[in-house]
Structure formats: C-alpha cells, structure tokens
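Pasting input_35.pdb here (PDB, C-alpha atoms):
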ATOM      1  CA  MET D   3      -5.795  -3.613  -1.907  1.00  0.00           C
ATOM      2  CA  LEU D   4      -3.038  -1.240  -2.947  1.00  0.00           C
ATOM      3  CA  MET D   5      -3.483   0.998  -5.950  1.00  0.00           C
ATOM      4  CA  ARG D   6      -0.413   2.283  -7.799  1.00  0.00           C
ATOM      5  CA  PHE D   7      -1.928   4.842 -10.121  1.00  0.00           C
ATOM      6  CA  ASP D   8      -0.302   8.258  -9.758  1.00  0.00           C
ATOM      7  CA  PRO D   9      -1.692  10.582 -12.459  1.00  0.00           C
ATOM      8  CA  PHE D  10       0.972  13.241 -11.922  1.00  0.00           C
ATOM      9  CA  ARG D  11       4.087  11.053 -12.109  1.00  0.00           C
ATOM     10  CA  GLU D  12       4.523  11.336 -15.888  1.00  0.00           C
ATOM     11  CA  LEU D  13       3.902  15.090 -15.837  1.00  0.00           C
ATOM     12  CA  ASP D  14       6.547  15.490 -13.118  1.00  0.00           C
ATOM     13  CA  ARG D  15       9.004  13.399 -15.126  1.00  0.00           C
ATOM     14  CA  LEU D  16       8.441  15.428 -18.292  1.00  0.00           C
ATOM     15  CA  ALA D  17       8.733  18.750 -16.458  1.00  0.00           C
ATOM     16  CA  SER D  18      11.946  17.557 -14.830  1.00  0.00           C
ATOM     17  CA  GLU D  19      13.455  16.559 -18.181  1.00  0.00           C
ATOM     18  CA  LEU D  20      12.532  19.882 -19.752  1.00  0.00           C
ATOM     19  CA  GLY D  21      14.024  21.797 -16.841  1.00  0.00           C
ATOM     20  CA  THR D  22      17.334  19.912 -16.957  1.00  0.00           C
ATOM     21  CA  GLY D  23      17.873  19.828 -20.699  1.00  0.00           C
ATOM     22  CA  GLY D  24      16.886  16.170 -20.949  1.00  0.00           C
ATOM     23  CA  ARG D  25      19.500  14.939 -18.458  1.00  0.00           C
ATOM     24  CA  SER D  26      17.464  13.707 -15.557  1.00  0.00           C
ATOM     25  CA  TRP D  27      17.279  10.706 -13.320  1.00  0.00           C
ATOM     26  CA  PRO D  28      14.123   8.921 -12.349  1.00  0.00           C
ATOM     27  CA  GLN D  29      13.087  10.395  -9.026  1.00  0.00           C
ATOM     28  CA  VAL D  30      10.677   7.618  -8.181  1.00  0.00           C
ATOM     29  CA  LEU D  31      11.316   4.871  -5.658  1.00  0.00           C
ATOM     30  CA  PRO D  32      11.335   1.342  -7.055  1.00  0.00           C
ATOM     31  CA  MET D  33       9.109  -0.948  -5.022  1.00  0.00           C
ATOM     32  CA  ASP D  34       7.764  -4.459  -4.626  1.00  0.00           C
ATOM     33  CA  ALA D  35       4.371  -5.086  -3.012  1.00  0.00           C
ATOM     34  CA  TYR D  36       2.653  -8.323  -2.070  1.00  0.00           C
ATOM     35  CA  ARG D  37      -0.067  -9.693   0.179  1.00  0.00           C
ATOM     36  CA  SER D  38       0.789 -12.332   2.735  1.00  0.00           C
ATOM     37  CA  GLY D  39      -2.143 -13.540   4.824  1.00  0.00           C
ATOM     38  CA  ASP D  40      -3.851 -10.611   6.501  1.00  0.00           C
ATOM     39  CA  HIS D  41      -1.351  -7.872   5.621  1.00  0.00           C
ATOM     40  CA  PHE D  42       0.359  -6.216   2.664  1.00  0.00           C
ATOM     41  CA  THR D  43       4.110  -5.692   2.582  1.00  0.00           C
ATOM     42  CA  VAL D  44       5.783  -3.025   0.457  1.00  0.00           C
ATOM     43  CA  HIS D  45       9.569  -2.784  -0.014  1.00  0.00           C
ATOM     44  CA  PHE D  46      11.031   0.507  -1.273  1.00  0.00           C
ATOM     45  CA  ASP D  47      14.629   0.649  -2.529  1.00  0.00           C
ATOM     46  CA  LEU D  48      16.456   3.536  -0.852  1.00  0.00           C
ATOM     47  CA  PRO D  49      20.161   2.686  -1.146  1.00  0.00           C
ATOM     48  CA  GLY D  50      22.397   5.326   0.345  1.00  0.00           C
ATOM     49  CA  ALA D  51      19.531   7.321   1.851  1.00  0.00           C
ATOM     50  CA  ASP D  52      20.096   8.759   5.301  1.00  0.00           C
ATOM     51  CA  PRO D  53      17.467   7.143   7.573  1.00  0.00           C
ATOM     52  CA  ALA D  54      16.815  10.553   9.138  1.00  0.00           C
ATOM     53  CA  SER D  55      15.781  11.908   5.718  1.00  0.00           C
ATOM     54  CA  ILE D  56      13.037   9.306   5.199  1.00  0.00           C
ATOM     55  CA  ASP D  57       9.537  10.675   5.717  1.00  0.00           C
ATOM     56  CA  LEU D  58       6.560   8.312   5.717  1.00  0.00           C
ATOM     57  CA  THR D  59       3.096   9.879   6.009  1.00  0.00           C
ATOM     58  CA  VAL D  60      -0.505   8.749   5.648  1.00  0.00           C
ATOM     59  CA  GLU D  61      -3.192  11.276   4.848  1.00  0.00           C
ATOM     60  CA  LYS D  62      -6.695  10.009   4.184  1.00  0.00           C
ATOM     61  CA  ASN D  63      -6.034   7.025   1.913  1.00  0.00           C
ATOM     62  CA  VAL D  64      -2.629   8.116   0.535  1.00  0.00           C
ATOM     63  CA  LEU D  65       0.650   6.738   1.850  1.00  0.00           C
ATOM     64  CA  ALA D  66       3.579   8.971   0.838  1.00  0.00           C
ATOM     65  CA  VAL D  67       7.275   8.131   1.077  1.00  0.00           C
ATOM     66  CA  LYS D  68       9.925  10.830   0.667  1.00  0.00           C
ATOM     67  CA  ALA D  69      13.675  10.447   1.028  1.00  0.00           C
ATOM     68  CA  GLU D  70      16.866  12.347   0.242  1.00  0.00           C
ATOM     69  CA  ARG D  71      20.157  11.066  -1.060  1.00  0.00           C
ATOM     70  CA  ALA D  72      23.053  13.436  -1.375  1.00  0.00           C
ATOM     71  CA  TRP D  73      26.679  13.054  -2.228  1.00  0.00           C
ATOM     72  CA  THR D  74      29.097  15.829  -1.520  1.00  0.00           C
ATOM     73  CA  HIS D  75      32.447  15.788  -3.177  1.00  0.00           C
ATOM     74  CA  GLY D  76      35.486  17.514  -1.824  1.00  0.00           C
ATOM     75  CA  GLU D  77      36.736  20.824  -3.162  1.00  0.00           C
ATOM     76  CA  GLY D  78      39.140  20.209  -5.986  1.00  0.00           C
ATOM     77  CA  ASP D  79      37.801  16.704  -6.709  1.00  0.00           C
ATOM     78  CA  GLU D  80      37.674  15.937 -10.408  1.00  0.00           C
ATOM     79  CA  ILE D  81      34.387  14.163 -11.177  1.00  0.00           C
ATOM     80  CA  LEU D  82      34.955  11.449 -13.785  1.00  0.00           C
ATOM     81  CA  VAL D  83      31.520   9.820 -13.729  1.00  0.00           C
ATOM     82  CA  ASN D  84      28.369  11.038 -11.998  1.00  0.00           C
ATOM     83  CA  GLU D  85      25.604   8.510 -12.716  1.00  0.00           C
ATOM     84  CA  ARG D  86      24.086   7.769  -9.312  1.00  0.00           C
ATOM     85  CA  PRO D  87      20.839   9.678  -8.809  1.00  0.00           C
ATOM     86  CA  GLN D  88      20.880  12.305  -6.074  1.00  0.00           C
ATOM     87  CA  GLY D  89      18.213  14.528  -4.583  1.00  0.00           C
ATOM     88  CA  SER D  90      14.627  13.930  -3.467  1.00  0.00           C
ATOM     89  CA  PHE D  91      12.791  10.715  -4.168  1.00  0.00           C
ATOM     90  CA  THR D  92       9.055  10.316  -3.670  1.00  0.00           C
ATOM     91  CA  ARG D  93       6.385   7.679  -4.090  1.00  0.00           C
ATOM     92  CA  GLN D  94       2.682   7.668  -3.306  1.00  0.00           C
ATOM     93  CA  LEU D  95       0.407   4.693  -2.856  1.00  0.00           C
ATOM     94  CA  PHE D  96      -3.351   4.971  -2.759  1.00  0.00           C
ATOM     95  CA  LEU D  97      -4.638   2.650  -0.055  1.00  0.00           C
ATOM     96  CA  GLY D  98      -7.926   0.859  -0.501  1.00  0.00           C
ATOM     97  CA  GLU D  99     -10.570   1.130   2.213  1.00  0.00           C
ATOM     98  CA  ALA D 100      -9.974  -2.509   3.145  1.00  0.00           C
ATOM     99  CA  LEU D 101      -6.609  -1.581   4.714  1.00  0.00           C
ATOM    100  CA  ASP D 102      -6.013  -0.419   8.291  1.00  0.00           C
ATOM    101  CA  ALA D 103      -4.030   2.827   7.900  1.00  0.00           C
ATOM    102  CA  GLU D 104      -3.960   3.281  11.701  1.00  0.00           C
ATOM    103  CA  ARG D 105      -1.714   0.230  12.245  1.00  0.00           C
ATOM    104  CA  ILE D 106       0.952   0.705   9.541  1.00  0.00           C
ATOM    105  CA  GLN D 107       4.466  -0.286  10.607  1.00  0.00           C
ATOM    106  CA  ALA D 108       7.783   0.548   8.914  1.00  0.00           C
ATOM    107  CA  SER D 109      11.444  -0.434   9.232  1.00  0.00           C
ATOM    108  CA  TYR D 110      14.611   0.507   7.329  1.00  0.00           C
ATOM    109  CA  ASP D 111      17.413  -2.014   6.893  1.00  0.00           C
ATOM    110  CA  ASN D 112      20.215  -2.392   4.327  1.00  0.00           C
ATOM    111  CA  GLY D 113      18.841   0.355   2.094  1.00  0.00           C
ATOM    112  CA  VAL D 114      15.311  -1.059   1.976  1.00  0.00           C
ATOM    113  CA  LEU D 115      12.296   0.569   3.618  1.00  0.00           C
ATOM    114  CA  THR D 116       9.730  -2.105   4.504  1.00  0.00           C
ATOM    115  CA  VAL D 117       6.159  -0.971   5.157  1.00  0.00           C
ATOM    116  CA  THR D 118       3.593  -3.415   6.540  1.00  0.00           C
ATOM    117  CA  ILE D 119      -0.081  -2.532   6.121  1.00  0.00           C
ATOM    118  CA  PRO D 120      -2.629  -4.774   7.840  1.00  0.00           C
ATOM    119  CA  VAL D 121      -5.969  -5.628   6.305  1.00  0.00           C
ATOM    120  CA  ALA D 122      -8.808  -4.004   8.266  1.00  0.00           C
ATOM    121  CA  GLU D 123     -10.764  -6.338  10.535  1.00  0.00           C
ATOM    122  CA  LYS D 124     -14.005  -5.552   8.689  1.00  0.00           C
ATOM    123  CA  ALA D 125     -12.435  -6.643   5.384  1.00  0.00           C
ATOM    124  CA  LYS D 126     -10.939  -9.944   6.562  1.00  0.00           C
ATOM    125  CA  ALA D 127     -12.513 -13.158   5.415  1.00  0.00           C
ATOM    126  CA  ARG D 128     -14.638 -14.706   8.116  1.00  0.00           C
ATOM    127  CA  LYS D 129     -16.583 -17.903   8.475  1.00  0.00           C
ATOM    128  CA  VAL D 130     -20.363 -17.599   8.400  1.00  0.00           C
ATOM    129  CA  GLU D 131     -22.255 -20.153  10.476  1.00  0.00           C
ATOM    130  CA  ILE D 132     -25.054 -22.018   8.743  1.00  0.00           C
ATOM    131  CA  SER D 133     -28.023 -23.082  10.864  1.00  0.00           C
ATOM    132  CA  THR D 134     -29.241 -26.651  10.437  1.00  0.00           C
ATOM    133  CA  GLY D 135     -32.541 -26.643  12.357  1.00  0.00           C
ATOM    134  CA  GLU D 136     -34.986 -29.401  11.579  1.00  0.00           C
ATOM    135  CA  SER D 137     -37.748 -28.120   9.356  1.00  0.00           C
ATOM    136  CA  GLN D 138     -41.192 -28.927  10.634  1.00  0.00           C
ATOM    137  CA  PRO D 139     -43.763 -29.797   7.987  1.00  0.00           C
ATOM    138  CA  LYS D 140     -46.881 -27.706   7.933  1.00  0.00           C
ATOM    139  CA  ALA D 141     -50.258 -29.520   7.887  1.00  0.00           C
ATOM    140  CA  VAL D 142     -53.440 -27.926   6.651  1.00  0.00           C
ATOM    141  CA  ASN D 143     -56.700 -28.853   8.444  1.00  0.00           C
ATOM    142  CA  ALA D 144     -59.241 -29.693   5.768  1.00  0.00           C
ATOM    143  CA  SER D 145     -62.201 -28.398   7.774  1.00  0.00           C
ATOM    144  CA  SER D 146     -60.728 -24.928   8.325  1.00  0.00           C
ATOM    145  CA  THR D 147     -58.127 -22.596   6.949  1.00  0.00           C
ATOM    146  CA  GLU D 148     -55.989 -22.975  10.061  1.00  0.00           C
ATOM    147  CA  VAL D 149     -52.403 -24.177   9.609  1.00  0.00           C
ATOM    148  CA  THR D 150     -50.915 -26.379  12.288  1.00  0.00           C
ATOM    149  CA  SER D 151     -47.464 -27.848  12.817  1.00  0.00           C
ATOM    150  CA  SER D 152     -47.039 -31.522  13.362  1.00  0.00           C
ATOM    151  CA  ALA D 153     -44.025 -32.650  15.344  1.00  0.00           C
ATOM    152  CA  ALA D 154     -42.348 -35.896  14.435  1.00  0.00           C
TER
END

Starting from the file, lay out its structure as structure tokens.
Amino acid sequence: MLMRFDPFRELDRLASELGTGGRSWPQVLPMDAYRSGDHFTVHFDLPGADPASIDLTVEKNVLAVKAERAWTHGEGDEILVNERPQGSFTRQLFLGEALDAERIQASYDNGVLTVTIPVAEKAKARKVEISTGESQPKAVNASSTEVTSSAA
C-alpha cells in the first residue's frame, strides 16, 4: 500500500510563500496512483522537465522524486506573462512494507514519469490448501479406559 502523508509539505509551502511575498507556485508533483494486479503504478506529471534532472531514490520505505524545470529567456526579451512554474519539484511517497522496493522500475515519456512498484512476494494473496482426510471415529472399550480406532 502507498501512503501519501507528508507532514512537512504544508510547512514548506507556507515558508515558500512567506519568502516570496506570497507569489509562489506549488512545487509539488501532481500524481496518480493505482493498483493493478500484483503491482502499484504511480504517474508523476513532469512536463518540460529535462530527463537528466529527474532523480528517483528509495531510502528505507521512502520513495523520493526530484526534478528541475528551467526556462531561460534571452537578454533583452520583454517578459509579458510568466505563469509556468520553474525550479525544483519534489514528492515523497511512504511505501508500505508489503511493497518490494528492490524491484522498482521507472520510465519517462511525454512529460510523465511512470514508477512501477511490485507487491512483495510475502504479501501476495496465495491459496491455502485444505486437507480433507477421512476422520476415524474413536471407540471406547467399556471394560477399560483404553481408546481404540475402528476402521470402516
């Protein structure tokens, strides 16, 4: 199971707004996550990010994604509108123990980073066999306290 809780995200956002006079952009990566069979898939939106700037790490049970998007304008360019967020973008996911962090795979295509996280073998559903042996009735000998089995 994936856990999204990041206790420091709001504090970072508030500190960023205070430091920029209230004009800030969200520096978090939008994502979609879903389970399909025996793996989880997470899609992170990274439009315009240089693939070489994307850093994906796993430490203990935390998956961290960092990316940079920069736009450089030419000298003498007159900026009319500057609304697209630039800079560093980060996102952390806390991975449950039921996931196999050793076999994570990632790909980047059309501005979307796709991370596939398999469910650990020990956490996968498995069928448990049920024995159906014939029960043998127990007979008690009336002349002693000995218990014997009678076969049919």

Evaluate the PyMOL selection byres ((chain D and resi 113-124) around 8) here and jot the selected residues down as a ChimeraX atom specification. /D:40-51,100-103,105-112,125-126

Given the file above and the PyMOL selection byres ((chain D and resi 60-77) around 7), which residues are selected, and can you give them as a compact mmCIF listing (two decimals) with C-alpha atoms, keeping the file's coordinate frame?
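Output file out_0.txt follows:
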# COMPACT_ATOMS: atom_id res chain seq x y z
CA GLY D 50 22.40 5.33 0.34
CA ALA D 51 19.53 7.32 1.85
CA ASP D 52 20.10 8.76 5.30
CA SER D 55 15.78 11.91 5.72
CA ILE D 56 13.04 9.31 5.20
CA ASP D 57 9.54 10.68 5.72
CA LEU D 58 6.56 8.31 5.72
CA THR D 59 3.10 9.88 6.01
CA GLY D 78 39.14 20.21 -5.99
CA ASP D 79 37.80 16.70 -6.71
CA GLN D 88 20.88 12.30 -6.07
CA GLY D 89 18.21 14.53 -4.58
CA SER D 90 14.63 13.93 -3.47
CA PHE D 91 12.79 10.72 -4.17
CA THR D 92 9.06 10.32 -3.67
CA ARG D 93 6.38 7.68 -4.09
CA GLN D 94 2.68 7.67 -3.31
CA LEU D 95 0.41 4.69 -2.86
CA PHE D 96 -3.35 4.97 -2.76
CA LEU D 97 -4.64 2.65 -0.06
CA GLY D 98 -7.93 0.86 -0.50

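Across the model, the gap from CA of Met33 in chain D to CA of Arg86 in chain D is 17.9 Å.
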
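You will find CA of Glu85 in chain D at 15.6 Å from CA of Val30 in chain D.
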
Around all listed atoms of range 126-134 of chain D, padded 6 Å per side, what centre and edge lengths does the axis-aligned box have in Å to one decimal, as lines of an AutoDock Vina configuration file?
center_x = -20.1
center_y = -18.3
center_z = 8.1
size_x = 30.3
size_y = 28.7
size_z = 17.4

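What separates CA of Ala127 in chain D from CA of Tyr36 in chain D is a distance of 17.6 Å.
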